[in-house]
>>> print(open('protein.pdb').read())   # PDB, C-alpha atoms and all ligand atoms
MODEL        1
ATOM      1  CA  MET H   1      13.728  -1.659   6.432  1.00  0.00           C
ATOM      2  CA  ILE H   2      11.063  -2.411   9.059  1.00  0.00           C
ATOM      3  CA  LYS H   3      11.865  -2.947  12.718  1.00  0.00           C
ATOM      4  CA  VAL H   4       9.185  -3.644  15.293  1.00  0.00           C
ATOM      5  CA  ASP H   5      10.058  -4.071  18.938  1.00  0.00           C
ATOM      6  CA  GLY H   6       7.639  -5.067  21.715  1.00  0.00           C
ATOM      7  CA  LEU H   7       4.700  -3.502  19.916  1.00  0.00           C
ATOM      8  CA  SER H   8       1.261  -3.598  21.529  1.00  0.00           C
ATOM      9  CA  LYS H   9      -1.996  -1.941  20.570  1.00  0.00           C
ATOM     10  CA  ARG H  10      -5.089  -1.879  22.695  1.00  0.00           C
ATOM     11  CA  TYR H  11      -8.570  -0.612  21.712  1.00  0.00           C
ATOM     12  CA  ALA H  12     -10.345   0.093  25.020  1.00  0.00           C
ATOM     13  CA  ARG H  13     -10.382  -3.378  26.582  1.00  0.00           C
ATOM     14  CA  THR H  14      -9.429  -5.305  23.414  1.00  0.00           C
ATOM     15  CA  VAL H  15      -5.760  -6.157  23.088  1.00  0.00           C
ATOM     16  CA  ALA H  16      -5.414  -6.221  19.285  1.00  0.00           C
ATOM     17  CA  VAL H  17      -1.626  -6.641  19.136  1.00  0.00           C
ATOM     18  CA  ASP H  18       0.242  -8.123  22.073  1.00  0.00           C
ATOM     19  CA  ASN H  19       3.965  -7.463  22.340  1.00  0.00           C
ATOM     20  CA  ILE H  20       5.211  -8.435  18.871  1.00  0.00           C
ATOM     21  CA  SER H  21       8.733  -8.005  17.533  1.00  0.00           C
ATOM     22  CA  PHE H  22      10.047  -8.638  14.043  1.00  0.00           C
ATOM     23  CA  GLU H  23      12.346  -7.256  11.374  1.00  0.00           C
ATOM     24  CA  VAL H  24      12.078  -7.100   7.600  1.00  0.00           C
ATOM     25  CA  GLN H  25      15.226  -6.558   5.558  1.00  0.00           C
ATOM     26  CA  LYS H  26      15.544  -4.635   2.309  1.00  0.00           C
ATOM     27  CA  GLY H  27      14.314  -6.706  -0.654  1.00  0.00           C
ATOM     28  CA  GLN H  28      12.326  -9.168   1.444  1.00  0.00           C
ATOM     29  CA  ILE H  29       8.704  -9.957   0.664  1.00  0.00           C
ATOM     30  CA  VAL H  30       6.888 -11.197   3.757  1.00  0.00           C
ATOM     31  CA  GLY H  31       3.291 -11.798   4.784  1.00  0.00           C
ATOM     32  CA  PHE H  32       1.302 -11.804   8.011  1.00  0.00           C
ATOM     33  CA  LEU H  33      -0.575 -15.046   8.525  1.00  0.00           C
ATOM     34  CA  GLY H  34      -3.295 -15.286  11.140  1.00  0.00           C
ATOM     35  CA  PRO H  35      -7.024 -15.747  11.612  1.00  0.00           C
ATOM     36  CA  ASN H  36      -9.549 -12.909  11.560  1.00  0.00           C
ATOM     37  CA  GLY H  37      -8.948 -10.577  14.464  1.00  0.00           C
ATOM     38  CA  ALA H  38      -5.308 -11.635  14.933  1.00  0.00           C
ATOM     39  CA  GLY H  39      -4.149  -8.014  14.661  1.00  0.00           C
ATOM     40  CA  LYS H  40      -2.684  -7.985  11.147  1.00  0.00           C
ATOM     41  CA  THR H  41      -4.508  -4.851   9.983  1.00  0.00           C
ATOM     42  CA  THR H  42      -3.825  -3.068  13.268  1.00  0.00           C
ATOM     43  CA  THR H  43      -0.080  -3.742  12.932  1.00  0.00           C
ATOM     44  CA  MET H  44      -0.124  -2.351   9.387  1.00  0.00           C
ATOM     45  CA  ARG H  45      -2.011   0.751  10.559  1.00  0.00           C
ATOM     46  CA  VAL H  46       0.656   1.420  13.174  1.00  0.00           C
ATOM     47  CA  LEU H  47       3.448   0.909  10.619  1.00  0.00           C
ATOM     48  CA  THR H  48       1.787   3.299   8.165  1.00  0.00           C
ATOM     49  CA  CYS H  49       1.248   5.934  10.900  1.00  0.00           C
ATOM     50  CA  PHE H  50      -2.537   5.731  10.717  1.00  0.00           C
ATOM     51  CA  MET H  51      -2.730   5.114  14.452  1.00  0.00           C
ATOM     52  CA  PRO H  52      -0.341   5.204  17.388  1.00  0.00           C
ATOM     53  CA  ALA H  53       0.820   2.089  19.247  1.00  0.00           C
ATOM     54  CA  THR H  54      -0.076   1.690  22.913  1.00  0.00           C
ATOM     55  CA  SER H  55       3.477   0.615  23.718  1.00  0.00           C
ATOM     56  CA  GLY H  56       6.631  -0.551  21.988  1.00  0.00           C
ATOM     57  CA  THR H  57       8.372   0.934  18.971  1.00  0.00           C
ATOM     58  CA  ALA H  58       8.311   0.585  15.207  1.00  0.00           C
ATOM     59  CA  SER H  59      10.510   2.122  12.567  1.00  0.00           C
ATOM     60  CA  VAL H  60      10.460   2.154   8.786  1.00  0.00           C
ATOM     61  CA  ALA H  61      13.592   2.908   6.745  1.00  0.00           C
ATOM     62  CA  GLY H  62      15.255   4.056   9.947  1.00  0.00           C
ATOM     63  CA  PHE H  63      12.520   6.497  11.004  1.00  0.00           C
ATOM     64  CA  ASP H  64      10.395   5.973  14.102  1.00  0.00           C
ATOM     65  CA  VAL H  65       6.678   5.934  13.215  1.00  0.00           C
ATOM     66  CA  GLN H  66       5.735   7.987  16.247  1.00  0.00           C
ATOM     67  CA  GLU H  67       8.483  10.577  16.035  1.00  0.00           C
ATOM     68  CA  HIS H  68       8.862  11.030  12.275  1.00  0.00           C
ATOM     69  CA  PRO H  69       5.533  10.106  10.660  1.00  0.00           C
ATOM     70  CA  MET H  70       6.069  12.363   7.632  1.00  0.00           C
ATOM     71  CA  GLU H  71       9.409  10.733   6.828  1.00  0.00           C
ATOM     72  CA  VAL H  72       7.828   7.300   7.198  1.00  0.00           C
ATOM     73  CA  LYS H  73       4.824   8.166   5.006  1.00  0.00           C
ATOM     74  CA  ARG H  74       7.133   9.472   2.308  1.00  0.00           C
ATOM     75  CA  ARG H  75       8.842   6.080   2.131  1.00  0.00           C
ATOM     76  CA  ILE H  76       5.818   3.838   2.413  1.00  0.00           C
ATOM     77  CA  GLY H  77       3.116   2.825  -0.052  1.00  0.00           C
ATOM     78  CA  TYR H  78      -0.060   1.485   1.544  1.00  0.00           C
ATOM     79  CA  LEU H  79      -2.992  -0.340   0.043  1.00  0.00           C
ATOM     80  CA  PRO H  80      -5.622  -0.767   2.753  1.00  0.00           C
ATOM     81  CA  GLU H  81      -8.115  -3.627   2.535  1.00  0.00           C
ATOM     82  CA  THR H  82     -10.629  -1.249   0.955  1.00  0.00           C
ATOM     83  CA  PRO H  83      -8.689   0.786  -1.633  1.00  0.00           C
ATOM     84  CA  PRO H  84      -9.000   4.536  -0.974  1.00  0.00           C
ATOM     85  CA  LEU H  85     -10.627   5.352  -4.332  1.00  0.00           C
ATOM     86  CA  TYR H  86     -12.920   8.184  -5.399  1.00  0.00           C
ATOM     87  CA  PRO H  87     -15.573   6.565  -7.609  1.00  0.00           C
ATOM     88  CA  ASP H  88     -16.538   9.850  -9.296  1.00  0.00           C
ATOM     89  CA  MET H  89     -13.025  10.469 -10.605  1.00  0.00           C
ATOM     90  CA  GLU H  90     -11.486   9.110 -13.771  1.00  0.00           C
ATOM     91  CA  VAL H  91      -8.474   6.837 -13.246  1.00  0.00           C
ATOM     92  CA  ARG H  92      -5.940   9.312 -14.669  1.00  0.00           C
ATOM     93  CA  GLU H  93      -7.471  12.219 -12.756  1.00  0.00           C
ATOM     94  CA  TYR H  94      -7.380  10.234  -9.510  1.00  0.00           C
ATOM     95  CA  LEU H  95      -3.732   9.205  -9.956  1.00  0.00           C
ATOM     96  CA  HIS H  96      -2.811  12.831 -10.694  1.00  0.00           C
ATOM     97  CA  PHE H  97      -4.590  13.856  -7.525  1.00  0.00           C
ATOM     98  CA  VAL H  98      -2.810  11.245  -5.384  1.00  0.00           C
ATOM     99  CA  GLY H  99       0.529  12.124  -6.998  1.00  0.00           C
ATOM    100  CA  GLN H 100       0.030  15.776  -6.051  1.00  0.00           C
ATOM    101  CA  LEU H 101      -0.856  14.814  -2.477  1.00  0.00           C
ATOM    102  CA  LYS H 102       2.299  12.754  -2.293  1.00  0.00           C
ATOM    103  CA  GLY H 103       4.413  15.692  -3.383  1.00  0.00           C
ATOM    104  CA  ILE H 104       5.487  14.572  -6.866  1.00  0.00           C
ATOM    105  CA  PRO H 105       6.827  17.676  -8.659  1.00  0.00           C
ATOM    106  CA  LYS H 106       4.331  19.091 -11.174  1.00  0.00           C
ATOM    107  CA  ALA H 107       6.783  18.679 -14.048  1.00  0.00           C
ATOM    108  CA  ASP H 108       7.078  14.932 -13.401  1.00  0.00           C
ATOM    109  CA  LEU H 109       3.459  14.179 -12.598  1.00  0.00           C
ATOM    110  CA  ALA H 110       2.071  13.321 -16.047  1.00  0.00           C
ATOM    111  CA  ARG H 111       5.035  11.063 -16.824  1.00  0.00           C
ATOM    112  CA  ARG H 112       4.795   9.330 -13.464  1.00  0.00           C
ATOM    113  CA  VAL H 113       1.028   8.749 -13.842  1.00  0.00           C
ATOM    114  CA  ALA H 114       1.612   7.270 -17.305  1.00  0.00           C
ATOM    115  CA  GLU H 115       4.419   5.018 -16.015  1.00  0.00           C
ATOM    116  CA  VAL H 116       2.481   3.710 -13.068  1.00  0.00           C
ATOM    117  CA  SER H 117      -0.648   3.182 -15.199  1.00  0.00           C
ATOM    118  CA  GLU H 118       1.403   1.106 -17.604  1.00  0.00           C
ATOM    119  CA  ARG H 119       3.083  -0.842 -14.820  1.00  0.00           C
ATOM    120  CA  CYS H 120      -0.216  -1.633 -13.078  1.00  0.00           C
ATOM    121  CA  SER H 121      -2.044  -2.398 -16.361  1.00  0.00           C
ATOM    122  CA  VAL H 122      -4.630   0.372 -16.049  1.00  0.00           C
ATOM    123  CA  ALA H 123      -3.438   2.492 -18.998  1.00  0.00           C
ATOM    124  CA  ASP H 124      -6.328   1.153 -21.108  1.00  0.00           C
ATOM    125  CA  VAL H 125      -8.902   2.490 -18.606  1.00  0.00           C
ATOM    126  CA  SER H 126      -7.238   5.872 -17.861  1.00  0.00           C
ATOM    127  CA  SER H 127     -10.247   7.891 -18.896  1.00  0.00           C
ATOM    128  CA  LYS H 128     -12.871   5.639 -17.283  1.00  0.00           C
ATOM    129  CA  LEU H 129     -14.731   6.553 -14.125  1.00  0.00           C
ATOM    130  CA  ILE H 130     -13.455   4.485 -11.193  1.00  0.00           C
ATOM    131  CA  ALA H 131     -17.086   3.631 -10.312  1.00  0.00           C
ATOM    132  CA  LYS H 132     -17.380   1.753 -13.607  1.00  0.00           C
ATOM    133  CA  LEU H 133     -14.331  -0.473 -13.129  1.00  0.00           C
ATOM    134  CA  SER H 134     -14.452  -4.150 -12.127  1.00  0.00           C
ATOM    135  CA  LYS H 135     -13.147  -5.074  -8.688  1.00  0.00           C
ATOM    136  CA  GLY H 136      -9.904  -6.431 -10.177  1.00  0.00           C
ATOM    137  CA  TYR H 137      -9.265  -3.156 -12.025  1.00  0.00           C
ATOM    138  CA  LYS H 138     -10.091  -1.136  -8.897  1.00  0.00           C
ATOM    139  CA  GLN H 139      -7.457  -3.158  -7.066  1.00  0.00           C
ATOM    140  CA  ARG H 140      -4.931  -2.345  -9.794  1.00  0.00           C
ATOM    141  CA  VAL H 141      -5.710   1.371  -9.407  1.00  0.00           C
ATOM    142  CA  GLY H 142      -5.290   0.900  -5.643  1.00  0.00           C
ATOM    143  CA  LEU H 143      -1.870  -0.591  -6.247  1.00  0.00           C
ATOM    144  CA  ALA H 144      -0.972   2.237  -8.640  1.00  0.00           C
ATOM    145  CA  GLN H 145      -1.765   4.876  -5.982  1.00  0.00           C
ATOM    146  CA  ALA H 146       0.362   2.928  -3.484  1.00  0.00           C
ATOM    147  CA  ILE H 147       3.489   2.924  -5.668  1.00  0.00           C
ATOM    148  CA  ILE H 148       3.150   6.250  -7.485  1.00  0.00           C
ATOM    149  CA  HIS H 149       5.791   7.991  -5.310  1.00  0.00           C
ATOM    150  CA  ASN H 150       8.279   5.082  -5.652  1.00  0.00           C
ATOM    151  CA  PRO H 151       8.166   4.016  -2.014  1.00  0.00           C
ATOM    152  CA  ASP H 152      10.926   1.945  -0.375  1.00  0.00           C
ATOM    153  CA  VAL H 153       8.353  -0.169   1.437  1.00  0.00           C
ATOM    154  CA  LEU H 154       5.018  -1.437   0.138  1.00  0.00           C
ATOM    155  CA  ILE H 155       2.339  -2.594   2.584  1.00  0.00           C
ATOM    156  CA  LEU H 156      -0.700  -4.396   1.195  1.00  0.00           C
ATOM    157  CA  ASP H 157      -3.629  -5.481   3.371  1.00  0.00           C
ATOM    158  CA  GLU H 158      -5.461  -8.528   1.961  1.00  0.00           C
ATOM    159  CA  PRO H 159      -4.755  -7.426  -1.618  1.00  0.00           C
ATOM    160  CA  THR H 160      -6.679 -10.313  -3.182  1.00  0.00           C
ATOM    161  CA  SER H 161      -9.690 -10.551  -0.869  1.00  0.00           C
ATOM    162  CA  GLY H 162     -13.049 -10.403  -2.612  1.00  0.00           C
ATOM    163  CA  LEU H 163     -11.578 -11.120  -6.044  1.00  0.00           C
ATOM    164  CA  ASP H 164     -12.594 -14.071  -8.207  1.00  0.00           C
ATOM    165  CA  PRO H 165      -9.928 -16.756  -8.845  1.00  0.00           C
ATOM    166  CA  LYS H 166      -8.837 -15.272 -12.190  1.00  0.00           C
ATOM    167  CA  GLN H 167      -8.566 -11.748 -10.786  1.00  0.00           C
ATOM    168  CA  ARG H 168      -6.689 -13.138  -7.792  1.00  0.00           C
ATOM    169  CA  VAL H 169      -4.026 -14.756  -9.991  1.00  0.00           C
ATOM    170  CA  GLU H 170      -3.745 -11.574 -12.093  1.00  0.00           C
ATOM    171  CA  THR H 171      -3.394  -9.402  -8.998  1.00  0.00           C
ATOM    172  CA  LEU H 172      -0.674 -11.633  -7.508  1.00  0.00           C
ATOM    173  CA  GLU H 173       1.198 -11.531 -10.824  1.00  0.00           C
ATOM    174  CA  LEU H 174       0.897  -7.766 -10.837  1.00  0.00           C
ATOM    175  CA  ILE H 175       2.203  -7.488  -7.277  1.00  0.00           C
ATOM    176  CA  LYS H 176       5.159  -9.672  -8.219  1.00  0.00           C
ATOM    177  CA  ARG H 177       5.805  -7.441 -11.216  1.00  0.00           C
ATOM    178  CA  VAL H 178       5.627  -4.115  -9.386  1.00  0.00           C
ATOM    179  CA  THR H 179       7.815  -5.338  -6.530  1.00  0.00           C
ATOM    180  CA  THR H 180      10.577  -6.571  -8.838  1.00  0.00           C
ATOM    181  CA  PRO H 181      13.119  -3.844  -9.615  1.00  0.00           C
ATOM    182  CA  SER H 182      13.142  -2.979 -13.322  1.00  0.00           C
ATOM    183  CA  SER H 183      16.883  -3.763 -13.548  1.00  0.00           C
ATOM    184  CA  CYS H 184      16.066  -7.320 -12.461  1.00  0.00           C
ATOM    185  CA  ARG H 185      12.883  -7.739 -14.501  1.00  0.00           C
ATOM    186  CA  ARG H 186      14.811  -8.211 -17.730  1.00  0.00           C
ATOM    187  CA  THR H 187      17.034 -10.981 -16.419  1.00  0.00           C
ATOM    188  CA  CYS H 188      15.055 -12.719 -13.660  1.00  0.00           C
TER     189      CYS H 188
HETATM  190  N1  LIG H 201     -11.095   0.487  15.355  1.00  0.00           N
HETATM  191  C1  LIG H 201     -11.246  -0.533  16.209  1.00  0.00           C
HETATM  192  N2  LIG H 201     -11.869  -0.358  17.407  1.00  0.00           N
HETATM  193  C2  LIG H 201     -11.984  -1.366  18.288  1.00  0.00           C
HETATM  194  N3  LIG H 201     -11.521  -2.627  18.088  1.00  0.00           N
HETATM  195  C3  LIG H 201     -10.908  -2.859  16.920  1.00  0.00           C
HETATM  196  C4  LIG H 201     -10.731  -1.829  15.923  1.00  0.00           C
HETATM  197  N4  LIG H 201     -10.069  -2.369  14.859  1.00  0.00           N
HETATM  198  C5  LIG H 201      -9.842  -3.665  15.180  1.00  0.00           C
HETATM  199  N5  LIG H 201     -10.340  -3.960  16.403  1.00  0.00           N
HETATM  200  C6  LIG H 201     -10.232  -5.259  17.081  1.00  0.00           C
HETATM  201  O1  LIG H 201      -8.845  -5.573  17.205  1.00  0.00           O
HETATM  202  C7  LIG H 201      -8.609  -6.955  16.938  1.00  0.00           C
HETATM  203  C8  LIG H 201      -7.637  -7.114  15.781  1.00  0.00           C
HETATM  204  O2  LIG H 201      -8.278  -6.686  14.577  1.00  0.00           O
HETATM  205  P1  LIG H 201      -7.523  -6.553  13.180  1.00  0.00           P
HETATM  206  O3  LIG H 201      -6.251  -5.834  13.399  1.00  0.00           O
HETATM  207  O4  LIG H 201      -8.508  -5.973  12.227  1.00  0.00           O
HETATM  208  O5  LIG H 201      -7.204  -8.069  12.850  1.00  0.00           O
HETATM  209  P2  LIG H 201      -6.964  -8.823  11.455  1.00  0.00           P
HETATM  210  O6  LIG H 201      -6.608  -7.806  10.428  1.00  0.00           O
HETATM  211  O7  LIG H 201      -5.860  -9.794  11.756  1.00  0.00           O
HETATM  212  O8  LIG H 201      -8.244  -9.516  11.121  1.00  0.00           O
HETATM  213  C9  LIG H 201      -9.982  -7.571  16.702  1.00  0.00           C
HETATM  214  O9  LIG H 201     -10.447  -8.108  17.923  1.00  0.00           O
HETATM  215  C10 LIG H 201     -10.834  -6.398  16.279  1.00  0.00           C
HETATM  216  O10 LIG H 201     -12.175  -6.599  16.618  1.00  0.00           O
HETATM  217 MG    MG H 202      -7.349  -7.353   8.577  1.00  0.00          MG
ENDMDL
END
>>> encode(input="protein.pdb", output="structure tokens")
Amino acid sequence: MIKVDGLSKRYARTVAVDNISFEVQKGQIVGFLGPNGAGKTTTMRVLTCFMPATSGTASVAGFDVQEHPMEVKRRIGYLPETPPLYPDMEVREYLHFVGQLKGIPKADLARRVAEVSERCSVADVSSKLIAKLSKGYKQRVGLAQAIIHNPDVLILDEPTSGLDPKQRVETLELIKRVTTPSSCRRTC
């Protein structure tokens, strides 16, 4: 699903990522471990086509990030460390907006927003302004925008940072839930 080969990224004189290679298979859940400044976020930005690598290659679902960024973006859901939320929008309105940007057909949009709101436990705050939500709820909305187009690959950058212990446990539970296929959820 993800294949990285000899990837390096340099910002001016800073070498942020130095010749890394790894593979992630379909169905695997993996994490980057490393101290601040290790290059975790930079690697995720390359994989999500937010910035080009200096050298090496990376592909997602068989598509090279440099050569086919649109195909990669279609198959990837990304929750950056700071969720890309618009505080002046209501939750439902925001998810509609993101769904449109991600090319969900108009006829399916309302149903998809309702499904993802239910799945990420934000249905009860659908008509609230994002600015008024707690940090834990904002994170749930961030997760909802990342999965709204049913991506093959989900990339989350520090999804529990800045949350209190209770919110952290809830968010991890939620991530486990949204990454478990529905066919498996009943039996696993
Ligand atoms: N936009 C940027 N411009 C210049 N240097 C950057 C930029 N983003 C990150 N860096 C540097 O690249 C290195 C790796 O950072 P980052 O990928 O954010 O690491 P991590 O997510 O593991 O904390 C750090 O030394 C950081 O200061
Ligand atoms: Mg980081």
>>> residues_near_ligand(input="protein.pdb", ligand="ligand MG 202 (chain H)", cutoff="7 Å", atoms="only C-alpha atoms and all ligand atoms", output="tab-separated table (two decimals) with C-alpha atoms, in the coordinates of the input")
chain	number	residue	atom	x	y	z
H	36	ASN	CA	-9.55	-12.91	11.56
H	37	GLY	CA	-8.95	-10.58	14.46
H	39	GLY	CA	-4.15	-8.01	14.66
H	40	LYS	CA	-2.68	-7.98	11.15
H	41	THR	CA	-4.51	-4.85	9.98
H	157	ASP	CA	-3.63	-5.48	3.37
H	158	GLU	CA	-5.46	-8.53	1.96
>>> atom_distance(input="protein.pdb", atom1="atom CA of Ile104 of chain H", atom2="atom CA of Ala131 of chain H")
25.3 Å
>>> resolve_selection(input="protein.pdb", expression="the PyMOL selection byres (((chain H and resi 55) around 8) and not hetatm)", output="PyMOL selection string")
chain H and resi 6-9+53-54+56-57
>>> closest_residue(input="protein.pdb", among="H:Glu23, H:Leu156, H:Pro69, H:Gly103", to="ligand LIG 201 (chain H)", atoms="only C-alpha atoms and all ligand atoms")
H:Leu156
>>> closest_residue(input="protein.pdb", among="H:Ala38, H:Val46, H:Leu174, H:Leu101", to="ligand LIG 201 (chain H)", atoms="only C-alpha atoms and all ligand atoms")
H:Ala38
